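The structure file protein.txt is reproduced below (compact mmCIF, C-alpha atoms and all ligand atoms).
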# COMPACT_ATOMS: atom_id res chain seq x y z
CA MET A 50 -1.63 26.93 30.91
CA LYS A 51 0.48 25.35 28.18
CA PRO A 52 -1.30 25.09 24.83
CA ARG A 53 -2.62 21.63 24.07
CA LEU A 54 -4.04 19.69 21.15
CA ALA A 55 -7.79 19.29 21.11
CA ARG A 56 -10.21 17.67 18.76
CA PRO A 57 -12.17 20.18 16.66
CA HIS A 58 -15.25 21.16 18.67
CA GLU A 59 -18.12 23.61 18.66
CA ARG A 60 -16.75 25.38 21.76
CA PHE A 61 -13.83 26.76 19.69
CA LYS A 62 -16.11 28.12 16.96
CA ALA A 63 -15.73 31.88 17.53
CA SER A 64 -11.97 31.74 17.99
CA TYR A 65 -11.50 29.35 15.06
CA ILE A 66 -13.42 31.66 12.75
CA GLN A 67 -11.29 34.63 13.86
CA GLY A 68 -8.23 32.54 12.98
CA ALA A 69 -9.70 31.70 9.58
CA TRP A 70 -10.10 35.44 8.86
CA GLU A 71 -6.43 35.91 9.71
CA PHE A 72 -5.43 33.21 7.20
CA ILE A 73 -7.59 34.91 4.57
CA SER A 74 -5.88 38.23 5.33
CA GLU A 75 -2.53 36.71 4.40
CA ARG A 76 -4.13 35.29 1.23
CA ARG A 77 -3.86 31.69 2.38
CA THR A 78 -6.31 29.27 0.83
CA VAL A 79 -8.89 28.01 3.29
CA THR A 80 -11.14 25.08 2.47
CA TRP A 81 -14.19 26.63 4.18
CA HIS A 82 -14.62 30.40 4.07
CA PRO A 83 -15.29 31.94 7.52
CA GLU A 84 -18.70 33.23 6.37
CA ILE A 85 -19.70 29.66 5.52
CA LEU A 86 -18.20 28.39 8.75
CA ARG A 87 -20.33 30.86 10.72
CA GLN A 88 -23.46 29.27 9.30
CA ARG A 89 -22.45 25.65 8.93
CA PHE A 90 -19.84 24.93 11.60
CA GLY A 91 -21.47 21.64 12.58
CA GLU A 92 -21.18 20.41 8.99
CA TYR A 93 -17.53 21.40 8.94
CA LEU A 94 -16.87 19.38 12.10
CA GLN A 95 -18.66 16.45 10.50
CA ALA A 96 -16.49 16.74 7.36
CA LEU A 97 -13.36 16.64 9.52
CA ARG A 98 -14.61 13.51 11.27
CA GLN A 99 -15.40 11.93 7.92
CA ALA A 100 -11.88 12.66 6.63
CA GLU A 101 -10.63 10.38 9.37
CA THR A 102 -12.63 7.28 8.53
CA ASP A 103 -14.15 7.80 5.10
CA PRO A 104 -12.05 10.31 3.17
CA LEU A 105 -12.94 11.72 -0.23
CA ALA A 106 -11.71 9.70 -3.20
CA GLY A 107 -7.95 9.86 -3.66
CA LEU A 108 -7.26 11.28 -0.18
CA ALA A 109 -5.56 9.38 2.63
CA PRO A 110 -7.46 9.25 5.93
CA SER A 111 -6.32 12.05 8.21
CA SER A 112 -6.93 13.29 11.74
CA ARG A 113 -7.21 17.01 12.49
CA PHE A 114 -6.21 18.53 15.81
CA TRP A 115 -6.36 22.14 16.95
CA LEU A 116 -3.76 23.75 19.14
CA VAL A 117 -5.64 25.72 21.77
CA GLY A 118 -4.40 28.02 24.50
CA ALA A 119 -5.85 29.89 27.44
CA ASP A 120 -9.59 30.59 27.27
CA ASP A 121 -9.87 27.98 24.50
CA ARG A 122 -8.19 30.33 22.03
CA TYR A 123 -7.53 28.62 18.72
CA LEU A 124 -3.82 28.92 17.84
CA GLY A 125 -3.36 26.65 14.84
CA ASP A 126 -3.96 23.22 13.45
CA VAL A 127 -2.21 20.04 12.50
CA ASP A 128 -3.30 17.30 10.15
CA VAL A 129 -1.94 13.79 10.65
CA ARG A 130 -2.31 11.55 7.59
CA HIS A 131 -2.62 7.89 8.48
CA HIS A 132 -0.59 6.70 5.52
CA LEU A 133 1.14 8.10 2.47
CA ASN A 134 -0.14 7.96 -1.08
CA ALA A 135 1.83 8.90 -4.19
CA ALA A 136 0.86 12.57 -3.93
CA LEU A 137 1.70 12.88 -0.23
CA ARG A 138 5.11 11.26 -0.81
CA CYS A 139 5.99 14.22 -3.02
CA TYR A 140 4.14 17.00 -1.21
CA GLY A 141 2.40 17.01 2.14
CA GLY A 142 3.82 13.98 3.91
CA HIS A 143 2.31 12.57 7.10
CA ILE A 144 2.01 15.87 8.96
CA GLY A 145 0.94 19.38 7.96
CA TYR A 146 0.51 22.32 10.34
CA LYS A 147 -0.15 26.00 10.48
CA ILE A 148 -0.25 28.68 13.16
CA ARG A 149 -2.61 31.65 12.90
CA PRO A 150 -0.68 34.81 11.97
CA SER A 151 -1.31 36.67 15.24
CA GLU A 152 0.26 33.82 17.24
CA ARG A 153 3.44 33.24 15.25
CA ARG A 154 7.02 33.50 16.52
CA LYS A 155 6.06 32.30 20.00
CA GLY A 156 7.25 28.70 19.65
CA TYR A 157 3.82 27.29 18.79
CA GLY A 158 4.95 26.03 15.38
CA ARG A 159 7.63 23.94 17.00
CA LEU A 160 5.15 22.73 19.62
CA ILE A 161 2.37 21.77 17.20
CA CYS A 162 4.81 19.78 15.07
CA CYS A 163 6.07 17.94 18.17
CA LEU A 164 2.51 17.15 19.30
CA GLY A 165 1.58 16.07 15.76
CA ILE A 166 4.51 13.64 15.75
CA ARG A 167 3.21 12.26 19.05
CA GLU A 168 -0.23 11.72 17.50
CA ALA A 169 1.37 10.02 14.48
CA ARG A 170 3.19 7.65 16.83
CA GLN A 171 -0.14 6.88 18.55
CA LEU A 172 -1.44 5.86 15.14
CA GLY A 173 1.48 3.46 14.79
CA ILE A 174 3.31 5.40 12.09
CA GLY A 175 7.03 4.57 12.12
CA ASP A 176 9.14 6.79 9.91
CA ILE A 177 7.33 10.11 9.49
CA LEU A 178 7.60 12.23 6.35
CA ILE A 179 7.22 16.01 6.61
CA THR A 180 7.66 18.29 3.62
CA CYS A 181 8.11 22.03 3.34
CA ASP A 182 8.98 24.67 0.79
CA ASP A 183 12.70 25.20 0.43
CA ASP A 184 12.31 28.89 1.35
CA ASN A 185 10.08 28.33 4.38
CA ILE A 186 12.79 29.06 6.93
CA GLY A 187 10.47 28.81 9.94
CA SER A 188 9.13 25.41 8.94
CA CYS A 189 12.59 24.04 8.07
CA LYS A 190 13.77 25.05 11.55
CA ILE A 191 10.72 23.49 13.16
CA ILE A 192 11.18 20.15 11.39
CA GLU A 193 14.91 20.04 12.13
CA ALA A 194 14.29 20.93 15.79
CA ASN A 195 11.92 17.96 15.91
CA GLY A 196 14.53 15.53 14.61
CA GLY A 197 13.87 15.78 10.87
CA ARG A 198 16.59 14.51 8.56
CA LEU A 199 16.65 16.02 5.11
CA GLN A 200 16.27 13.36 2.42
CA ASP A 201 16.20 15.55 -0.67
CA LYS A 202 14.72 18.59 -2.41
CA ILE A 203 12.41 17.76 -5.28
CA ASP A 204 10.81 19.74 -8.06
CA ASN A 205 7.01 19.62 -7.81
CA ASP A 206 6.48 22.18 -10.56
CA ARG A 207 5.97 24.85 -7.95
CA ALA A 208 7.79 28.15 -7.57
CA VAL A 209 10.24 26.61 -5.10
CA LEU A 210 11.66 23.15 -4.49
CA THR A 211 10.06 20.93 -1.85
CA ARG A 212 12.18 19.67 1.01
CA ARG A 213 11.43 16.14 2.21
CA TYR A 214 12.40 15.37 5.78
CA TRP A 215 12.04 12.10 7.66
CA ILE A 216 11.64 11.73 11.39
CA PRO A 217 12.91 8.21 12.04
CA ALA A 218 10.83 5.75 14.02
CA ALA A 219 11.56 6.01 17.73
CA GLY A 220 13.96 3.48 19.26
C1 LIG B 301 5.77 28.04 9.52
C2 LIG B 301 4.94 28.36 10.76
C3 LIG B 301 4.15 27.10 11.18
C4 LIG B 301 5.88 28.79 11.90
O1 LIG B 301 5.11 28.94 13.07
P1 LIG B 301 5.68 29.75 14.33
O2 LIG B 301 4.72 29.53 15.44
O3 LIG B 301 5.98 31.14 13.94
O4 LIG B 301 7.06 28.97 14.61
P2 LIG B 301 7.96 29.04 15.91
O5 LIG B 301 7.63 30.26 16.70
O6 LIG B 301 7.87 27.72 16.60
O7 LIG B 301 9.40 29.25 15.27
C5 LIG B 301 10.30 28.18 15.00
C6 LIG B 301 11.61 28.77 14.50
O8 LIG B 301 11.42 29.32 13.19
C7 LIG B 301 11.76 30.69 13.18
N1 LIG B 301 10.81 31.34 12.29
C8 LIG B 301 9.45 31.28 12.33
N2 LIG B 301 8.93 31.97 11.32
C9 LIG B 301 9.96 32.47 10.62
C10 LIG B 301 10.07 33.30 9.47
N3 LIG B 301 8.97 33.74 8.83
N4 LIG B 301 11.30 33.62 9.03
C11 LIG B 301 12.41 33.18 9.65
N5 LIG B 301 12.40 32.39 10.75
C12 LIG B 301 11.19 32.06 11.23
C13 LIG B 301 11.60 31.14 14.61
O9 LIG B 301 12.37 32.30 14.87
C14 LIG B 301 12.13 29.93 15.35
O10 LIG B 301 13.54 29.92 15.25
P3 LIG B 301 14.46 29.35 16.45
O11 LIG B 301 14.14 27.88 16.55
O12 LIG B 301 15.85 29.63 15.97
O13 LIG B 301 14.07 30.11 17.67
C15 LIG B 301 3.95 29.54 10.48
O14 LIG B 301 4.67 30.63 9.96
C16 LIG B 301 2.84 29.19 9.53
O15 LIG B 301 1.80 28.69 9.94
N6 LIG B 301 3.05 29.43 8.24
C17 LIG B 301 2.06 29.16 7.21
C18 LIG B 301 1.82 27.67 7.02
C19 LIG B 301 3.10 26.88 6.85
O16 LIG B 301 4.05 27.33 6.23
N7 LIG B 301 3.09 25.68 7.42
C20 LIG B 301 4.19 24.76 7.33
C21 LIG B 301 4.01 23.90 6.14
S1 LIG B 301 5.36 22.77 6.00

Render the structure in this file as structure tokens.
Amino acid sequence: MKPRLARPHERFKASYIQGAWEFISERRTVTWHPEILRQRFGEYLQALRQAETDPLAGLAPSSRFWLVGADDRYLGDVDVRHHLNAALRCYGGHIGYKIRPSERRKGYGRLICCLGIREARQLGIGDILITCDDDNIGSCKIIEANGGRLQDKIDNDRAVLTRRYWIPAAG
């Protein structure tokens, strides 16, 4: 079965937490530590729902989807921000995604970006901004394969420049 996007749900809990441990192993920042998730998964799901309709101050509303494969295995996630604010225009854009380390280099990055663009279109977003680090070869390839046109590379006071790509509105 081809992986699909699903709304975050309790039934993915065990697999999602395994994925979170993998992100920790590569020293990636996670908003909820897997130990906390184990105890308070329902609260986490609630926080994700709240981010969609009633986000924390200064954040744009955003919808989270999980890419899931056979046996409801969690593969990665994508965040679709409903509109841009000043911060997202510089870093983050409309769509952010990640694939759990054990499932990389199988085409899922390209797929999750494509499905995220589809969700953004459903939300009525026209031109879609996606950003990535200048040295993130995988992500640059993914965005370009999904129709991204490089606008510029800007300095966000980070170790590397940030590439800003636009996916033009369809039609
Ligand atoms: C970037 C990321 C999403 C790629 O996911 P993935 O599932 O490995 O990507 P894919 O398998 O779809 O690969 C897409 C292309 O990038 C290439 N690629 C992927 N990772 C790569 C890497 N580390 N170095 C070089 N090329 C890479 C693949 O070979 C493939 O190339 P092709 O189109 O020529 O065949 C994943 O590494 C990740 O989650 N990284 C951490 C979070 C992140 O960087 N998110 C993106 C923020 S903008």

Within-10 Å residues of ligand LIG 301 (chain B), basis all atoms listed in the file, as a PDB file with C-alpha atoms, in the frame of the given file:
ATOM      1  CA  PHE A  72      -5.430  33.210   7.200  1.00  0.00           C
ATOM      2  CA  GLU A  75      -2.530  36.710   4.400  1.00  0.00           C
ATOM      3  CA  ARG A  77      -3.860  31.690   2.380  1.00  0.00           C
ATOM      4  CA  LEU A 124      -3.820  28.920  17.840  1.00  0.00           C
ATOM      5  CA  GLY A 125      -3.360  26.650  14.840  1.00  0.00           C
ATOM      6  CA  ASP A 126      -3.960  23.220  13.450  1.00  0.00           C
ATOM      7  CA  VAL A 127      -2.210  20.040  12.500  1.00  0.00           C
ATOM      8  CA  TYR A 140       4.140  17.000  -1.210  1.00  0.00           C
ATOM      9  CA  GLY A 141       2.400  17.010   2.140  1.00  0.00           C
ATOM     10  CA  GLY A 142       3.820  13.980   3.910  1.00  0.00           C
ATOM     11  CA  ILE A 144       2.010  15.870   8.960  1.00  0.00           C
ATOM     12  CA  GLY A 145       0.940  19.380   7.960  1.00  0.00           C
ATOM     13  CA  TYR A 146       0.510  22.320  10.340  1.00  0.00           C
ATOM     14  CA  LYS A 147      -0.150  26.000  10.480  1.00  0.00           C
ATOM     15  CA  ILE A 148      -0.250  28.680  13.160  1.00  0.00           C
ATOM     16  CA  ARG A 149      -2.610  31.650  12.900  1.00  0.00           C
ATOM     17  CA  PRO A 150      -0.680  34.810  11.970  1.00  0.00           C
ATOM     18  CA  SER A 151      -1.310  36.670  15.240  1.00  0.00           C
ATOM     19  CA  GLU A 152       0.260  33.820  17.240  1.00  0.00           C
ATOM     20  CA  ARG A 153       3.440  33.240  15.250  1.00  0.00           C
ATOM     21  CA  ARG A 154       7.020  33.500  16.520  1.00  0.00           C
ATOM     22  CA  LYS A 155       6.060  32.300  20.000  1.00  0.00           C
ATOM     23  CA  GLY A 156       7.250  28.700  19.650  1.00  0.00           C
ATOM     24  CA  TYR A 157       3.820  27.290  18.790  1.00  0.00           C
ATOM     25  CA  GLY A 158       4.950  26.030  15.380  1.00  0.00           C
ATOM     26  CA  ARG A 159       7.630  23.940  17.000  1.00  0.00           C
ATOM     27  CA  LEU A 160       5.150  22.730  19.620  1.00  0.00           C
ATOM     28  CA  ILE A 161       2.370  21.770  17.200  1.00  0.00           C
ATOM     29  CA  CYS A 162       4.810  19.780  15.070  1.00  0.00           C
ATOM     30  CA  ILE A 179       7.220  16.010   6.610  1.00  0.00           C
ATOM     31  CA  THR A 180       7.660  18.290   3.620  1.00  0.00           C
ATOM     32  CA  CYS A 181       8.110  22.030   3.340  1.00  0.00           C
ATOM     33  CA  ASP A 182       8.980  24.670   0.790  1.00  0.00           C
ATOM     34  CA  ASP A 183      12.700  25.200   0.430  1.00  0.00           C
ATOM     35  CA  ASP A 184      12.310  28.890   1.350  1.00  0.00           C
ATOM     36  CA  ASN A 185      10.080  28.330   4.380  1.00  0.00           C
ATOM     37  CA  ILE A 186      12.790  29.060   6.930  1.00  0.00           C
ATOM     38  CA  GLY A 187      10.470  28.810   9.940  1.00  0.00           C
ATOM     39  CA  SER A 188       9.130  25.410   8.940  1.00  0.00           C
ATOM     40  CA  CYS A 189      12.590  24.040   8.070  1.00  0.00           C
ATOM     41  CA  LYS A 190      13.770  25.050  11.550  1.00  0.00           C
ATOM     42  CA  ILE A 191      10.720  23.490  13.160  1.00  0.00           C
ATOM     43  CA  ILE A 192      11.180  20.150  11.390  1.00  0.00           C
ATOM     44  CA  GLU A 193      14.910  20.040  12.130  1.00  0.00           C
ATOM     45  CA  ALA A 194      14.290  20.930  15.790  1.00  0.00           C
ATOM     46  CA  THR A 211      10.060  20.930  -1.850  1.00  0.00           C
ATOM     47  CA  ARG A 212      12.180  19.670   1.010  1.00  0.00           C
ATOM     48  CA  ARG A 213      11.430  16.140   2.210  1.00  0.00           C
TER      49      ARG A 213
END

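Distances to A:Ala109 were evaluated for A:Ala218, A:Val129, A:Ala63, A:Ile203 using all atoms listed in the file, and the minimum falls at A:Val129.
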
Taking (-8.5, 9.9, 6.9) as a centre in this file's frame and 9 Å as the limit, can you find every polymer residue with an atom that close, using only C-alpha atoms, and give them as number ranges by chain? A: 97-105, 108-112, 129-132

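We find atom CA of A:Cys163 and atom CA of A:Gly196 to be spaced 9.5 Å apart.
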
A:Ser64, A:Gln171, A:Gln88, A:Ser74: which is nearest A:Trp115, counting only C-alpha atoms? A:Ser64

Give me the residues within 10 Å of A:Arg53 as a ChimeraX atom specification, counting all atoms listed in the file and dropping any in the same chain fewer than 2 places off. /A:50-51,55,114-119,121,124,160-161,164

Which residues are near A:Phe90? Cut-off 12 Å, only C-alpha atoms, ignore same chain within fewer than 6 positions. Put them as JSON, numbers by chain. {"A": [57, 58, 59, 60, 61, 62, 63, 65, 66, 81, 82, 83, 84, 96, 97]}

Box along x, y and z, 5 Å on every side, all listed atoms of stretch 82-86 of chain A inside: centre and edge lengths in Å to one decimal, as lines of an AutoDock Vina configuration file.
center_x = -17.2
center_y = 30.8
center_z = 6.4
size_x = 15.1
size_y = 14.8
size_z = 14.7

Give the answer as one residue: which of A:Ala219, A:Cys139, A:Gly68, A:Ile166 has the shortest atom-to-atom distance to A:Asp206, using only C-alpha atoms?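 The closest residue to A:Asp206 is A:Cys139.
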
Between atom CA of A:Gln200 and atom CA of A:Ile174, distance in Å (one decimal):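 Distance reported for this atom pair: 18.0 Å.
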
Report the distance between atom CA of A:Leu199 and atom CA of A:Asp128 in Å, rounded to one decimal place. 20.6 Å
